[in-house]
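Chemist: Structure: input28.cif, mmCIF, C-alpha atoms and all ligand atoms.
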```
data_target
loop_
_atom_site.group_PDB
_atom_site.id
_atom_site.type_symbol
_atom_site.label_atom_id
_atom_site.label_comp_id
_atom_site.auth_asym_id
_atom_site.auth_seq_id
_atom_site.Cartn_x
_atom_site.Cartn_y
_atom_site.Cartn_z
ATOM 1 C CA MET A 1 85.012 67.326 150.000
ATOM 2 C CA LYS A 2 88.481 67.168 148.440
ATOM 3 C CA SER A 3 87.025 66.775 144.975
ATOM 4 C CA ASN A 4 84.707 69.732 145.613
ATOM 5 C CA ILE A 5 87.691 71.968 146.321
ATOM 6 C CA ALA A 6 89.375 70.701 143.172
ATOM 7 C CA LEU A 7 86.235 71.452 141.187
ATOM 8 C CA VAL A 8 85.958 74.940 142.634
ATOM 9 C CA SER A 9 89.563 75.707 141.764
ATOM 10 C CA VAL A 10 89.132 74.391 138.223
ATOM 11 C CA VAL A 11 86.099 76.613 137.798
ATOM 12 C CA ALA A 12 88.021 79.556 139.263
ATOM 13 C CA CYS A 13 90.869 78.903 136.849
ATOM 14 C CA ILE A 14 88.548 78.905 133.890
ATOM 15 C CA ALA A 15 86.981 82.150 135.088
ATOM 16 C CA ILE A 16 90.404 83.771 135.498
ATOM 17 C CA ASN A 17 91.503 82.573 132.073
ATOM 18 C CA ALA A 18 88.345 83.939 130.525
ATOM 19 C CA ALA A 19 88.888 87.289 132.245
ATOM 20 C CA PHE A 20 92.464 87.351 130.951
ATOM 21 C CA ALA A 21 91.375 86.549 127.436
ATOM 22 C CA ILE A 22 88.854 89.393 127.551
ATOM 23 C CA SER A 23 91.324 91.910 128.950
ATOM 24 C CA ASN A 24 93.891 90.877 126.342
ATOM 25 C CA ILE A 25 91.394 91.486 123.592
ATOM 26 C CA SER A 26 90.478 94.913 124.936
ATOM 27 C CA LEU A 27 94.173 95.803 125.350
ATOM 28 C CA ALA A 28 94.809 94.819 121.747
ATOM 29 C CA GLN A 29 91.904 96.995 120.633
ATOM 30 C CA ASP A 30 93.208 99.928 122.667
ATOM 31 C CA SER A 31 96.333 100.038 120.596
ATOM 32 C CA PRO A 32 95.949 100.197 116.832
ATOM 33 C CA ALA A 33 99.171 100.481 114.840
ATOM 34 C CA ASN A 34 99.040 104.281 114.637
ATOM 35 C CA SER A 35 98.662 104.965 118.374
ATOM 36 C CA LEU A 36 100.641 104.338 121.563
ATOM 37 C CA LYS A 37 99.295 102.922 124.826
ATOM 38 C CA PRO A 38 99.721 105.511 127.599
ATOM 39 C CA ALA A 39 102.538 104.801 130.065
ATOM 40 C CA ALA A 40 100.004 104.678 132.937
ATOM 41 C CA SER A 41 98.165 101.740 131.343
ATOM 42 C CA PHE A 42 101.091 99.455 132.230
ATOM 43 C CA GLN A 43 100.541 99.834 135.989
ATOM 44 C CA SER A 44 98.538 96.595 135.989
ATOM 45 C CA ILE A 45 101.757 94.623 135.383
ATOM 46 C CA ALA A 46 102.838 93.922 138.977
ATOM 47 C CA ASP A 47 106.394 92.770 138.300
ATOM 48 C CA GLN A 48 108.488 95.913 137.801
ATOM 49 C CA GLN A 49 110.958 94.371 135.390
ATOM 50 C CA GLN A 50 108.198 92.892 133.250
ATOM 51 C CA ARG A 51 106.460 96.265 133.306
ATOM 52 C CA SER A 52 109.638 98.015 132.185
ATOM 53 C CA VAL A 53 110.118 95.565 129.300
ATOM 54 C CA ALA A 54 106.466 95.914 128.215
ATOM 55 C CA ILE A 55 106.775 99.714 128.205
ATOM 56 C CA PHE A 56 109.924 99.567 126.075
ATOM 57 C CA GLU A 57 108.187 97.193 123.667
ATOM 58 C CA GLU A 58 105.432 99.769 123.237
ATOM 59 C CA ALA A 59 108.038 102.508 122.607
ATOM 60 C CA GLY A 60 109.589 100.077 120.111
ATOM 61 C CA LYS A 61 106.667 100.737 117.765
ATOM 62 C CA VAL A 62 108.272 104.147 117.234
ATOM 63 C CA ILE A 63 111.935 103.148 117.503
ATOM 64 C CA GLN A 64 111.689 100.327 114.941
ATOM 65 C CA HIS A 65 109.506 102.331 112.552
ATOM 66 C CA PRO A 66 111.097 103.010 109.137
ATOM 67 C CA ARG A 67 110.874 106.800 109.820
ATOM 68 C CA CYS A 68 113.542 106.300 112.488
ATOM 69 C CA VAL A 69 115.500 103.304 111.150
ATOM 70 C CA ASN A 70 115.932 104.910 107.689
ATOM 71 C CA CYS A 71 118.295 107.408 109.326
ATOM 72 C CA HIS A 72 119.924 104.855 111.661
ATOM 73 C CA PRO A 73 121.160 102.432 108.954
ATOM 74 C CA ALA A 74 123.760 99.683 109.328
ATOM 75 C CA THR A 75 125.862 101.022 106.439
ATOM 76 C CA ASP A 76 126.983 104.480 105.254
ATOM 77 C CA ARG A 77 123.870 104.874 103.088
ATOM 78 C CA PRO A 78 120.513 106.055 104.429
ATOM 79 C CA LEU A 79 117.314 104.158 103.628
ATOM 80 C CA GLN A 80 114.017 105.384 102.216
ATOM 81 C CA SER A 81 110.288 104.768 102.514
ATOM 82 C CA MET A 82 108.302 102.079 104.338
ATOM 83 C CA SER A 83 110.202 99.388 102.390
ATOM 84 C CA MET A 84 113.511 100.761 103.730
ATOM 85 C CA HIS A 85 115.288 100.488 100.384
ATOM 86 C CA PRO A 86 118.729 102.099 99.940
ATOM 87 C CA HIS A 87 118.580 105.893 99.394
ATOM 88 C CA GLN A 88 118.080 107.019 95.772
ATOM 89 C CA PRO A 89 120.206 108.702 94.510
ATOM 90 C CA PRO A 90 123.112 106.934 96.227
ATOM 91 C CA VAL A 91 124.484 109.164 98.990
ATOM 92 C CA THR A 92 126.993 108.374 101.686
ATOM 93 C CA ARG A 93 127.497 109.646 105.212
ATOM 94 C CA GLY A 94 130.748 111.546 104.661
ATOM 95 C CA GLU A 95 132.155 113.527 107.527
ATOM 96 C CA ALA A 96 129.855 113.757 110.558
ATOM 97 C CA GLY A 97 126.956 112.210 108.642
ATOM 98 C CA MET A 98 126.397 115.356 106.553
ATOM 99 C CA GLY A 99 127.160 113.764 103.177
ATOM 100 C CA VAL A 100 130.082 114.371 100.815
ATOM 101 C CA PRO A 101 130.867 117.573 98.848
ATOM 102 C CA GLY A 102 128.438 117.836 95.926
ATOM 103 C CA MET A 103 126.083 115.416 97.638
ATOM 104 C CA MET A 104 125.619 116.997 101.038
ATOM 105 C CA CYS A 105 122.350 116.119 102.758
ATOM 106 C CA ASN A 106 121.331 119.760 102.825
ATOM 107 C CA THR A 107 121.743 120.078 99.060
ATOM 108 C CA CYS A 108 118.325 118.429 98.878
ATOM 109 C CA HIS A 109 117.032 118.335 102.453
ATOM 110 C CA GLY A 110 116.114 121.862 103.554
ATOM 111 C CA PRO A 111 115.179 123.113 107.017
ATOM 112 C CA GLU A 112 111.568 121.943 106.466
ATOM 113 C CA ASN A 113 109.627 119.354 104.520
ATOM 114 C CA VAL A 114 109.042 120.622 100.988
ATOM 115 C CA LYS A 115 106.060 119.608 98.913
ATOM 116 C CA VAL A 116 106.971 118.299 95.481
ATOM 117 C CA VAL A 117 104.509 119.387 92.835
ATOM 118 C CA ALA A 118 104.060 117.471 89.585
ATOM 119 C CA GLN A 119 107.537 115.955 89.370
ATOM 120 C CA ALA A 120 107.355 112.352 90.432
ATOM 121 C CA GLU A 121 104.161 110.423 91.031
ATOM 122 C CA THR A 122 105.720 108.526 93.901
ATOM 123 C CA ILE A 123 107.412 111.371 95.797
ATOM 124 C CA LYS A 124 104.985 113.828 97.378
ATOM 125 C CA SER A 125 107.543 115.729 99.465
ATOM 126 C CA ILE A 126 111.241 115.952 100.331
ATOM 127 C CA PRO A 127 111.784 115.522 104.047
ATOM 128 C CA GLY A 128 113.566 118.344 105.827
ATOM 129 C CA ASN A 129 114.941 119.564 109.134
ATOM 130 C CA ALA A 130 117.641 122.129 109.943
ATOM 131 C CA ASN A 131 119.697 119.340 111.538
ATOM 132 C CA TRP A 132 119.140 116.696 108.824
ATOM 133 C CA HIS A 133 122.077 114.256 108.819
ATOM 134 C CA LEU A 134 122.811 110.578 109.297
ATOM 135 C CA ALA A 135 123.042 108.952 112.731
ATOM 136 C CA PRO A 136 126.630 107.814 113.526
ATOM 137 C CA ILE A 137 127.387 104.173 112.734
ATOM 138 C CA GLU A 138 127.565 103.176 116.425
ATOM 139 C CA MET A 139 123.894 104.219 116.625
ATOM 140 C CA ALA A 140 122.847 101.866 113.786
ATOM 141 C CA TRP A 141 119.491 100.192 114.419
ATOM 142 C CA GLN A 142 118.839 98.567 111.034
ATOM 143 C CA GLY A 143 118.668 94.750 111.305
ATOM 144 C CA LYS A 144 118.923 94.736 115.114
ATOM 145 C CA SER A 145 116.402 93.225 117.507
ATOM 146 C CA LEU A 146 114.540 95.546 119.867
ATOM 147 C CA GLY A 147 116.532 94.053 122.762
ATOM 148 C CA GLU A 148 119.817 94.866 121.020
ATOM 149 C CA ILE A 149 118.685 98.425 120.277
ATOM 150 C CA CYS A 150 117.547 98.787 123.903
ATOM 151 C CA ASN A 151 120.951 97.838 125.292
ATOM 152 C CA GLN A 152 122.683 100.036 122.736
ATOM 153 C CA ILE A 153 120.723 103.220 123.489
ATOM 154 C CA LYS A 154 121.458 102.789 127.225
ATOM 155 C CA ASP A 155 125.178 102.425 126.593
ATOM 156 C CA PRO A 156 127.042 105.783 126.807
ATOM 157 C CA GLN A 157 129.818 104.262 124.629
ATOM 158 C CA ARG A 158 127.314 103.950 121.793
ATOM 159 C CA ASN A 159 124.659 106.600 122.462
ATOM 160 C CA GLY A 160 126.808 109.713 122.194
ATOM 161 C CA GLY A 161 127.700 109.739 125.889
ATOM 162 C CA MET A 162 124.127 110.313 127.081
ATOM 163 C CA SER A 163 122.902 109.639 130.600
ATOM 164 C CA LEU A 164 119.438 108.087 130.916
ATOM 165 C CA GLU A 165 118.139 111.564 131.877
ATOM 166 C CA LYS A 166 119.568 113.018 128.660
ATOM 167 C CA LEU A 167 118.135 110.123 126.689
ATOM 168 C CA ILE A 168 114.624 110.869 128.006
ATOM 169 C CA GLU A 169 115.132 114.528 127.056
ATOM 170 C CA HIS A 170 116.338 113.559 123.559
ATOM 171 C CA MET A 171 113.385 111.238 122.906
ATOM 172 C CA ALA A 172 110.821 113.673 124.317
ATOM 173 C CA HIS A 173 112.092 116.942 122.811
ATOM 174 C CA ASP A 174 114.747 116.529 120.105
ATOM 175 C CA ASP A 175 113.603 118.195 116.921
ATOM 176 C CA LEU A 176 115.050 115.550 114.563
ATOM 177 C CA VAL A 177 113.311 112.802 116.563
ATOM 178 C CA GLY A 178 110.163 114.952 116.425
ATOM 179 C CA TRP A 179 110.299 114.942 112.622
ATOM 180 C CA GLY A 180 109.042 111.324 112.844
ATOM 181 C CA TRP A 181 105.579 112.647 113.788
ATOM 182 C CA HIS A 182 105.628 115.267 110.989
ATOM 183 C CA PRO A 183 107.393 113.519 108.125
ATOM 184 C CA GLY A 184 105.779 115.451 105.273
ATOM 185 C CA GLU A 185 103.188 114.564 102.706
ATOM 186 C CA GLY A 186 103.177 111.020 101.371
ATOM 187 C CA ARG A 187 104.930 109.569 104.416
ATOM 188 C CA GLU A 188 103.372 107.641 107.329
ATOM 189 C CA PRO A 189 104.179 109.237 110.715
ATOM 190 C CA VAL A 190 105.378 107.136 113.648
ATOM 191 C CA PRO A 191 102.551 106.164 116.074
ATOM 192 C CA GLY A 192 101.140 108.320 118.882
ATOM 193 C CA THR A 193 102.627 111.713 119.785
ATOM 194 C CA GLN A 194 106.167 112.691 120.796
ATOM 195 C CA ALA A 195 104.830 113.621 124.259
ATOM 196 C CA GLU A 196 103.331 110.135 124.728
ATOM 197 C CA PHE A 197 106.540 108.574 123.465
ATOM 198 C CA GLY A 198 108.641 110.705 125.857
ATOM 199 C CA GLU A 199 106.387 109.614 128.712
ATOM 200 C CA LEU A 200 106.885 105.944 127.803
ATOM 201 C CA ILE A 201 110.672 106.402 127.803
ATOM 202 C CA ARG A 202 110.566 108.255 131.140
ATOM 203 C CA THR A 203 108.454 105.506 132.735
ATOM 204 C CA TRP A 204 110.727 102.862 131.237
ATOM 205 C CA VAL A 205 113.732 104.525 132.914
ATOM 206 C CA GLU A 206 111.842 104.914 136.221
ATOM 207 C CA THR A 207 111.001 101.200 136.219
ATOM 208 C CA GLY A 208 114.663 100.244 135.835
ATOM 209 C CA ALA A 209 115.196 100.548 132.060
ATOM 210 C CA ALA A 210 114.898 96.787 131.527
ATOM 211 C CA CYS A 211 115.434 95.440 128.015
ATOM 212 C CA PRO A 212 113.526 92.740 126.115
ATOM 213 C CA SER A 213 115.604 89.546 125.802
HETATM 214 C C1 LIG B 1 120.223 114.574 95.561
HETATM 215 C C2 LIG B 1 119.256 114.868 96.602
HETATM 216 C C3 LIG B 1 119.436 114.206 97.954
HETATM 217 C C4 LIG B 1 120.560 114.160 98.728
HETATM 218 C C5 LIG B 1 121.944 114.713 98.439
HETATM 219 C C6 LIG B 1 120.187 113.471 99.942
HETATM 220 N N1 LIG B 1 118.862 113.108 99.879
HETATM 221 FE FE1 LIG B 1 117.813 112.052 101.280
HETATM 222 N N2 LIG B 1 116.145 112.092 100.118
HETATM 223 C C7 LIG B 1 116.036 112.782 98.928
HETATM 224 C C8 LIG B 1 114.659 112.688 98.453
HETATM 225 C C9 LIG B 1 114.100 113.302 97.181
HETATM 226 C C10 LIG B 1 113.969 111.899 99.396
HETATM 227 C C11 LIG B 1 112.494 111.485 99.355
HETATM 228 C C12 LIG B 1 112.369 110.174 98.671
HETATM 229 C C13 LIG B 1 111.076 109.467 98.956
HETATM 230 O O1 LIG B 1 110.298 109.921 99.772
HETATM 231 O O2 LIG B 1 110.869 108.403 98.329
HETATM 232 C C14 LIG B 1 114.934 111.545 100.416
HETATM 233 C C15 LIG B 1 114.644 110.757 101.509
HETATM 234 C C16 LIG B 1 115.523 110.505 102.541
HETATM 235 C C17 LIG B 1 115.221 109.685 103.679
HETATM 236 C C18 LIG B 1 113.969 108.863 103.868
HETATM 237 C C19 LIG B 1 112.942 109.375 104.802
HETATM 238 C C20 LIG B 1 111.904 108.287 105.022
HETATM 239 O O3 LIG B 1 111.680 107.933 106.166
HETATM 240 O O4 LIG B 1 111.349 107.757 104.046
HETATM 241 C C21 LIG B 1 116.305 109.715 104.506
HETATM 242 C C22 LIG B 1 116.468 108.991 105.812
HETATM 243 C C23 LIG B 1 117.296 110.555 103.867
HETATM 244 N N3 LIG B 1 116.787 111.009 102.673
HETATM 245 C C24 LIG B 1 118.525 110.836 104.410
HETATM 246 C C25 LIG B 1 119.519 111.526 103.747
HETATM 247 C C26 LIG B 1 120.813 111.806 104.320
HETATM 248 C C27 LIG B 1 121.251 111.421 105.715
HETATM 249 C C28 LIG B 1 121.539 112.452 103.359
HETATM 250 C C29 LIG B 1 122.990 112.897 103.428
HETATM 251 C C30 LIG B 1 123.957 111.866 103.803
HETATM 252 C C31 LIG B 1 120.680 112.592 102.195
HETATM 253 N N4 LIG B 1 119.466 112.034 102.484
HETATM 254 C C32 LIG B 1 121.034 113.215 101.000
HETATM 255 C C33 LIG B 1 117.041 113.451 98.264
HETATM 256 C C34 LIG B 1 118.361 113.561 98.697
HETATM 257 C C1 LIG B 2 117.424 112.644 109.565
HETATM 258 C C2 LIG B 2 118.007 111.554 110.268
HETATM 259 C C3 LIG B 2 117.409 111.058 111.564
HETATM 260 C C4 LIG B 2 116.120 110.664 111.801
HETATM 261 C C5 LIG B 2 114.944 110.720 110.848
HETATM 262 C C6 LIG B 2 116.100 110.132 113.151
HETATM 263 N N1 LIG B 2 117.333 110.230 113.732
HETATM 264 FE FE1 LIG B 2 117.857 109.670 115.605
HETATM 265 N N2 LIG B 2 119.726 110.414 115.324
HETATM 266 C C7 LIG B 2 120.175 111.052 114.181
HETATM 267 C C8 LIG B 2 121.489 111.630 114.426
HETATM 268 C C9 LIG B 2 122.291 112.415 113.446
HETATM 269 C C10 LIG B 2 121.817 111.303 115.755
HETATM 270 C C11 LIG B 2 123.083 111.701 116.500
HETATM 271 C C12 LIG B 2 122.810 112.803 117.468
HETATM 272 C C13 LIG B 2 122.498 114.105 116.798
HETATM 273 O O1 LIG B 2 123.348 114.578 116.044
HETATM 274 O O2 LIG B 2 121.395 114.650 117.014
HETATM 275 C C14 LIG B 2 120.691 110.545 116.287
HETATM 276 C C15 LIG B 2 120.641 110.045 117.572
HETATM 277 C C16 LIG B 2 119.553 109.444 118.134
HETATM 278 C C17 LIG B 2 119.507 108.925 119.472
HETATM 279 C C18 LIG B 2 120.591 108.937 120.518
HETATM 280 C C19 LIG B 2 121.626 107.942 120.408
HETATM 281 C C20 LIG B 2 121.261 106.527 120.116
HETATM 282 O O3 LIG B 2 121.436 105.719 121.007
HETATM 283 O O4 LIG B 2 120.815 106.210 118.985
HETATM 284 C C21 LIG B 2 118.266 108.455 119.678
HETATM 285 C C22 LIG B 2 117.748 107.805 120.942
HETATM 286 C C23 LIG B 2 117.512 108.689 118.455
HETATM 287 N N3 LIG B 2 118.331 109.285 117.517
HETATM 288 C C24 LIG B 2 116.191 108.391 118.301
HETATM 289 C C25 LIG B 2 115.468 108.577 117.115
HETATM 290 C C26 LIG B 2 114.060 108.257 116.969
HETATM 291 C C27 LIG B 2 113.179 107.657 118.041
HETATM 292 C C28 LIG B 2 113.719 108.592 115.690
HETATM 293 C C29 LIG B 2 112.380 108.476 115.023
HETATM 294 C C30 LIG B 2 111.217 109.024 115.696
HETATM 295 C C31 LIG B 2 114.919 109.132 115.054
HETATM 296 N N4 LIG B 2 115.952 109.099 115.948
HETATM 297 C C32 LIG B 2 114.971 109.611 113.750
HETATM 298 C C33 LIG B 2 119.508 111.130 112.981
HETATM 299 C C34 LIG B 2 118.162 110.805 112.802
#
```
Step by step, read the file and then write its structure as structure tokens.
Modeler:
Amino acid sequence: MKSNIALVSVVACIAINAAFAISNISLAQDSPANSLKPAASFQSIADQQQRSVAIFEEAGKVIQHPRCVNCHPATDRPLQSMSMHPHQPPVTRGEAGMGVPGMMCNTCHGPENVKVVAQAETIKSIPGNANWHLAPIEMAWQGKSLGEICNQIKDPQRNGGMSLEKLIEHMAHDDLVGWGWHPGEGREPVPGTQAEFGELIRTWVETGAACPS
């Protein structure tokens, strides 16, 4: 009798493991690199803190994308392209991240992306936005782990004095953040949509804004 129970539980374990393996595979298929899993799809994670961390990790596909990190560098020089090489020509943040006289960001970066025709094979467009300037050094993300970035963006000392409510608003609606989904020809956009991303951040906050370790 005892051994029968043991057998049944072994069989049950195998069945559960198999079910897990299958659901993991289908989850992985749901989320190719250029899309985001919807916030609601994390409801199956019962533990709230684990759910919060998993949601932030999904949002991390945007946050750690070169489109964002290139403008949140660890030095005074922005980065460029998927390889995140130092900005060419050399430019530096200057006052308020706008560049230095003669090399202001808006000398080259206009209010919109501009297509480059027949100048350089490698550059298809110059990115643009009316607010184009470098993120302050305390908001540097380059070289940091997702957990470090997570703690940093929650910290009003380092996030420009934002409450979590303001942070949701910034992620969901800020125009400069939104540029990541419309980066101009020749540049890979960040995954998903800004609305989906905003929803992930909102759900992350609602589940306690837990950070990956
Ligand atoms: C002399 C012109 C010029 C100036 C001045 C300039 N940039 Fe650029 N920047 C460019 C060009 C051209 C590109 C596109 C290069 C490419 O796509 O390979 C670019 C690309 C970038 C990118 C990369 C976008 C991406 O994700 O690949 C960032 C970030 C950037 N610039 C930030 C800045 C900031 C911030 C300033 C001011 C401190 C600035 N730039 C000043 C010409 C300039
Ligand atoms: C052209 C440069 C640029 C790009 C590209 C950019 N940012 Fe920023 N980011 C800034 C600047 C500048 C600030 C400071 C606040 C402001 O002036 O808007 C900032 C601030 C932030 C903040 C608030 C403070 C903090 O803790 O960092 C968040 C969050 C943020 N950006 C997210 C993003 C995300 C997500 C992306 C990519 C989808 C992105 N940014 C792309 C320049 C940029």
Chemist: Can you work out which one of A:Val117, A:Leu176, A:Ala130, A:Val205 has the shortest atom-to-atom distance to ligand LIG 2 (chain B), counting all atoms listed in the file?
Modeler: A:Leu176
Chemist: Point out the residue among A:Pro111, A:Gly186, A:Pro38, A:Gly192 with the least atom-to-atom distance to ligand LIG 1 (chain B), counting all atoms listed in the file.
Modeler: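 Once distances to ligand LIG 1 (chain B) are computed over all atoms listed in the file, the minimum belongs to A:Gly186.
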Chemist: Step by step, measure atom-to-atom distances between ligand LIG 1 (chain B) and each residue using all atoms listed in the file, keep those at most 8 Å, then write them as a ChimeraX atom specification.
Modeler: /A:66-72,77-82,84,87-89,91-94,97-100,102-109,122-127,132-135,180,183,186-187
Chemist: So that all listed atoms of ligand LIG 2 (chain B) fit with 4 Å spare on each side, what axis-aligned box centre and edge lengths in Å, to one decimal, would you give as JSON?
Modeler:
```
{"center_x": 117.3, "center_y": 110.2, "center_z": 115.3, "size_x": 20.1, "size_y": 16.9, "size_z": 19.4}
```
Chemist: If the PyMOL selection byres (((chain A and resi 153) around 12) and not hetatm) is run on the structure shown, which residues does it catch, given as a VMD selection string?
Modeler: chain A and resid 56 63 72 138 to 141 146 to 152 154 to 164 166 to 168 170 to 171 201 205 209 to 211
Chemist: Find the residues near Trp181 of chain A: any atom within 10 Å, counting all atoms listed in the file, skip ones fewer than 3 places away on the same chain, and give them as a PyMOL selection string.
Modeler: chain A and resi 62+67+176-178+184+187-194
Chemist: Can you measure atom CA of Lys61 of chain A to atom CA of Gly198 of chain A for me? One decimal in Å is fine.
Modeler: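 These atoms are spaced 13.0 Å apart.
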Chemist: Have a look at A:Leu200, A:Ala74, A:Ala59, A:Val116 and name the one nearest to ligand LIG 2 (chain B); count only C-alpha atoms and all ligand atoms.
Modeler: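 Distance minimum relative to ligand LIG 2 (chain B) lands on A:Ala59.
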Chemist: Have a look at A:Pro136, A:Pro73, A:Pro101, A:Gly208 and name the one nearest to ligand LIG 2 (chain B); count all atoms listed in the file.
Modeler: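 Smallest separation from ligand LIG 2 (chain B) among the options: A:Pro136.
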Chemist: To one decimal in Å, tell me the separation between atom CA of Ala33 of chain A and atom CA of Glu196 of chain A.
Modeler: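 One can read the atom CA of Ala33 of chain A to atom CA of Glu196 of chain A distance as 14.4 Å.
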Chemist: Measuring between all atoms listed in the file, which one of A:Ser35, A:Gln64, A:Gln142, A:Gln48 shows the shortest distance to ligand LIG 2 (chain B)?
Modeler: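 The shortest atom-to-atom distance to ligand LIG 2 (chain B) comes from A:Gln64.
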